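Engineer: This is upload16.cif (mmCIF, N, CA and C atoms).
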data_run
#
loop_
_atom_site.label_atom_id
_atom_site.label_comp_id
_atom_site.auth_asym_id
_atom_site.auth_seq_id
_atom_site.Cartn_x
_atom_site.Cartn_y
_atom_site.Cartn_z
N MET A 537 97.92 105.55 107.56
CA MET A 537 99.13 106.30 107.87
C MET A 537 99.48 107.20 106.69
N ARG A 538 99.91 108.42 106.97
CA ARG A 538 100.23 109.38 105.92
C ARG A 538 101.59 109.11 105.31
N GLU A 539 101.68 109.40 104.04
CA GLU A 539 102.92 109.23 103.30
C GLU A 539 103.93 110.31 103.70
N ILE A 540 105.19 109.94 103.80
CA ILE A 540 106.25 110.90 104.10
C ILE A 540 106.61 111.63 102.81
N ARG A 541 106.65 112.95 102.87
CA ARG A 541 106.98 113.78 101.71
C ARG A 541 108.29 114.51 101.97
N SER A 542 109.01 114.82 100.91
CA SER A 542 110.26 115.58 101.01
C SER A 542 110.10 116.90 100.29
N TYR A 543 110.58 117.98 100.92
CA TYR A 543 110.48 119.32 100.35
C TYR A 543 111.84 120.00 100.41
N LEU A 544 112.09 120.83 99.42
CA LEU A 544 113.25 121.70 99.42
C LEU A 544 112.71 123.11 99.69
N VAL A 545 113.18 123.75 100.74
CA VAL A 545 112.69 125.07 101.11
C VAL A 545 113.80 126.08 100.92
N ARG A 546 113.54 127.07 100.05
CA ARG A 546 114.49 128.17 99.84
C ARG A 546 113.92 129.40 100.54
N VAL A 547 114.68 129.93 101.48
CA VAL A 547 114.22 131.08 102.27
C VAL A 547 115.05 132.30 101.90
N TYR A 548 114.36 133.39 101.62
CA TYR A 548 115.00 134.67 101.32
C TYR A 548 114.58 135.64 102.41
N ARG A 549 115.54 136.14 103.13
CA ARG A 549 115.24 137.05 104.23
C ARG A 549 115.75 138.42 103.87
N HIS A 550 114.85 139.38 103.73
CA HIS A 550 115.22 140.73 103.33
C HIS A 550 115.72 141.54 104.53
N ASP A 551 115.10 141.37 105.68
CA ASP A 551 115.52 142.01 106.91
C ASP A 551 114.99 141.17 108.08
N ALA A 552 115.11 141.65 109.29
CA ALA A 552 114.72 140.87 110.47
C ALA A 552 113.23 140.56 110.51
N GLU A 553 112.40 141.35 109.82
CA GLU A 553 110.96 141.16 109.89
C GLU A 553 110.35 140.59 108.60
N SER A 554 111.13 140.44 107.55
CA SER A 554 110.60 140.02 106.26
C SER A 554 111.14 138.65 105.88
N LEU A 555 110.22 137.75 105.52
CA LEU A 555 110.58 136.39 105.16
C LEU A 555 109.80 136.00 103.91
N ALA A 556 110.49 135.43 102.95
CA ALA A 556 109.84 134.97 101.73
C ALA A 556 110.65 133.81 101.18
N GLY A 557 110.06 133.09 100.24
CA GLY A 557 110.80 132.00 99.64
C GLY A 557 109.94 131.11 98.79
N VAL A 558 110.47 129.92 98.51
CA VAL A 558 109.81 128.96 97.64
C VAL A 558 109.96 127.57 98.25
N VAL A 559 108.88 126.79 98.20
CA VAL A 559 108.91 125.39 98.62
C VAL A 559 108.79 124.54 97.37
N GLU A 560 109.66 123.55 97.22
CA GLU A 560 109.60 122.64 96.08
C GLU A 560 109.34 121.22 96.57
N ASP A 561 108.34 120.57 96.00
CA ASP A 561 108.07 119.17 96.28
C ASP A 561 109.12 118.37 95.50
N VAL A 562 109.95 117.63 96.20
CA VAL A 562 111.07 116.94 95.56
C VAL A 562 110.59 115.91 94.54
N ARG A 563 109.53 115.20 94.84
CA ARG A 563 109.05 114.14 93.95
C ARG A 563 108.47 114.70 92.66
N SER A 564 107.64 115.74 92.74
CA SER A 564 106.94 116.24 91.56
C SER A 564 107.62 117.45 90.91
N SER A 565 108.56 118.08 91.58
CA SER A 565 109.24 119.30 91.13
C SER A 565 108.29 120.50 91.08
N ARG A 566 107.13 120.41 91.69
CA ARG A 566 106.21 121.55 91.74
C ARG A 566 106.67 122.51 92.83
N THR A 567 106.39 123.79 92.62
CA THR A 567 106.82 124.81 93.58
C THR A 567 105.64 125.62 94.08
N ALA A 568 105.83 126.22 95.25
CA ALA A 568 104.84 127.12 95.83
C ALA A 568 105.58 128.25 96.54
N PRO A 569 105.30 129.49 96.17
CA PRO A 569 105.95 130.61 96.85
C PRO A 569 105.27 130.90 98.18
N PHE A 570 106.00 131.54 99.10
CA PHE A 570 105.40 132.00 100.35
C PHE A 570 105.98 133.36 100.70
N GLN A 571 105.19 134.16 101.39
CA GLN A 571 105.59 135.52 101.76
C GLN A 571 105.66 135.73 103.27
N SER A 572 105.38 134.69 104.04
CA SER A 572 105.42 134.79 105.50
C SER A 572 105.56 133.40 106.09
N LEU A 573 105.84 133.34 107.38
CA LEU A 573 105.93 132.07 108.06
C LEU A 573 104.58 131.35 108.05
N ALA A 574 103.50 132.12 108.16
CA ALA A 574 102.16 131.53 108.12
C ALA A 574 101.89 130.86 106.77
N GLU A 575 102.28 131.51 105.67
CA GLU A 575 102.10 130.91 104.35
C GLU A 575 102.98 129.67 104.17
N LEU A 576 104.18 129.69 104.71
CA LEU A 576 105.05 128.51 104.65
C LEU A 576 104.36 127.34 105.35
N CYS A 577 103.79 127.58 106.50
CA CYS A 577 103.07 126.52 107.24
C CYS A 577 101.88 126.02 106.44
N GLN A 578 101.17 126.91 105.73
CA GLN A 578 100.04 126.50 104.90
C GLN A 578 100.49 125.59 103.76
N VAL A 579 101.60 125.93 103.14
CA VAL A 579 102.11 125.10 102.04
C VAL A 579 102.48 123.71 102.56
N LEU A 580 103.22 123.66 103.66
CA LEU A 580 103.69 122.38 104.17
C LEU A 580 102.56 121.53 104.74
N SER A 581 101.49 122.15 105.21
CA SER A 581 100.36 121.39 105.76
C SER A 581 99.36 120.99 104.68
N GLY A 582 99.54 121.50 103.45
CA GLY A 582 98.66 121.13 102.36
C GLY A 582 97.48 122.06 102.15
N HIS A 583 97.41 123.16 102.88
CA HIS A 583 96.31 124.11 102.74
C HIS A 583 96.52 125.10 101.59
N LYS A 584 97.73 125.17 101.06
CA LYS A 584 98.02 126.02 99.91
C LYS A 584 98.60 125.13 98.83
N ARG A 585 98.06 125.22 97.62
CA ARG A 585 98.46 124.32 96.53
C ARG A 585 99.76 124.72 95.87
N PHE A 586 100.43 123.72 95.32
CA PHE A 586 101.62 123.94 94.52
C PHE A 586 101.21 124.32 93.11
N ALA A 587 102.04 125.09 92.46
CA ALA A 587 101.79 125.48 91.07
C ALA A 587 101.96 124.26 90.17
N PRO A 588 101.27 124.26 89.03
CA PRO A 588 101.46 123.14 88.08
C PRO A 588 102.92 123.04 87.67
N ARG A 589 103.35 121.85 87.39
CA ARG A 589 104.74 121.61 87.00
C ARG A 589 105.03 122.25 85.66
N THR A 590 106.16 122.93 85.56
CA THR A 590 106.58 123.53 84.30
C THR A 590 107.79 122.77 83.77
N VAL A 591 107.85 122.64 82.47
CA VAL A 591 108.97 121.94 81.85
C VAL A 591 110.10 122.94 81.63
N ARG A 592 111.24 122.60 82.16
CA ARG A 592 112.41 123.47 81.99
C ARG A 592 113.35 122.84 80.99
N ARG A 593 113.78 123.64 80.02
CA ARG A 593 114.72 123.15 79.02
C ARG A 593 116.14 123.48 79.44
N ARG A 594 117.00 122.54 79.19
CA ARG A 594 118.43 122.78 79.46
C ARG A 594 119.15 122.94 78.15
N GLY A 595 120.25 123.62 78.19
CA GLY A 595 121.03 123.80 76.97
C GLY A 595 120.86 125.20 76.42
N ARG A 596 121.04 125.31 75.10
CA ARG A 596 120.98 126.60 74.45
C ARG A 596 119.55 127.13 74.45
N SER A 597 119.43 128.41 74.67
CA SER A 597 118.11 129.04 74.57
C SER A 597 117.85 129.43 73.12
N GLU A 598 116.59 129.34 72.75
CA GLU A 598 116.24 129.66 71.37
C GLU A 598 115.98 131.14 71.22
N PRO A 599 116.33 131.73 70.08
CA PRO A 599 116.12 133.18 69.88
C PRO A 599 114.66 133.53 69.72
#
Here is the file; what I need is its structure written in the form of structure tokens.
Structural biologist:
Amino acid sequence: MREIRSYLVRVYRHDAESLAGVVEDVRSSRTAPFQSLAELCQVLSGHKRFAPRTVRRRGRSEP
């Protein structure tokens, strides 16, 4: 049986025909951008890989 995964999907719609956004794997914090509904389906089905996890610093930024 397959493991249940949780994703956060941010969708940016520029107009009625344009769709883009980012999918984030909640467990690993990795993200994958998409530029169409087909790419979104590829990300969620596992056919498109997530980017390596990046470390984000909080607080003051260094000069």
Engineer: The residues within 6 Å of (114.6, 129.8, 102.7), using all atoms listed in the file and the coordinates of the file, should be reported as JSON, numbers by chain; which are they?
Structural biologist: {"A": [545, 546, 547, 548, 556, 557, 558]}
Engineer: Just how far from atom CA of A:Leu555 is atom CA of A:Phe570, in Å to one decimal?
Structural biologist: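 Separation between atom CA of A:Phe570 and atom CA of A:Leu555: 8.3 Å.
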Engineer: Write out as a ChimeraX atom specification each polymer residue whose atoms come within 7 Å of A:Leu544, counting only N, CA and C atoms; drop sequence neighbours fewer than 4 positions from it.
Structural biologist: /A:558-562
Engineer: If you measure from atom C of A:Val579 to atom CA of A:Tyr543, what distance in Å do you get, rounded to one decimal?
Structural biologist: 9.4 Å
Engineer: Just to confirm, what's the straight-line distance from atom CA of A:Ala574 to atom C of A:Met537 in Å (one decimal)?
Structural biologist: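 Answer for the atom CA of A:Ala574 to atom C of A:Met537 separation: 24.5 Å.
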Engineer: Would you list the contacts of stretch 580-590 of chain A as number ranges by chain, taking every protein, DNA or RNA residue within 6 Å and counting only C-alpha atoms, but skipping same-chain residues closer than 6 positions in sequence?
Structural biologist: A: 566-568
Engineer: From a backbone DSSP assignment, name each residue in chain A labelled strand (DSSP E), as number ranges by chain.
Structural biologist: A: 543-551, 554-561, 567-570
Engineer: For stretch 547-551 of chain A, what centre and edge lengths in Å (one decimal) does the axis-aligned box get once 3 Å is added on each side of all its listed atoms, as AutoDock Vina command-line options?
Structural biologist:
--center_x 115.0 --center_y 136.0 --center_z 104.7 --size_x 7.5 --size_y 18.1 --size_z 12.8
Engineer: So that I can check the secondary structure, give me every residue of chain A assigned helix (DSSP H, G or I) by backbone DSSP, as a compact mmCIF listing (two decimals) with N, CA and C atoms, keeping the file's coordinate frame.
Structural biologist:
# COMPACT_ATOMS: atom_id res chain seq x y z
N LEU A 573 105.84 133.34 107.38
CA LEU A 573 105.93 132.07 108.06
C LEU A 573 104.58 131.35 108.05
N ALA A 574 103.50 132.12 108.16
CA ALA A 574 102.16 131.53 108.12
C ALA A 574 101.89 130.86 106.77
N GLU A 575 102.28 131.51 105.67
CA GLU A 575 102.10 130.91 104.35
C GLU A 575 102.98 129.67 104.17
N LEU A 576 104.18 129.69 104.71
CA LEU A 576 105.05 128.51 104.65
C LEU A 576 104.36 127.34 105.35
N CYS A 577 103.79 127.58 106.50
CA CYS A 577 103.07 126.52 107.24
C CYS A 577 101.88 126.02 106.44
N GLN A 578 101.17 126.91 105.73
CA GLN A 578 100.04 126.50 104.90
C GLN A 578 100.49 125.59 103.76
N VAL A 579 101.60 125.93 103.14
CA VAL A 579 102.11 125.10 102.04
C VAL A 579 102.48 123.71 102.56
N LEU A 580 103.22 123.66 103.66
CA LEU A 580 103.69 122.38 104.17
C LEU A 580 102.56 121.53 104.74
N SER A 581 101.49 122.15 105.21
CA SER A 581 100.36 121.39 105.76
C SER A 581 99.36 120.99 104.68
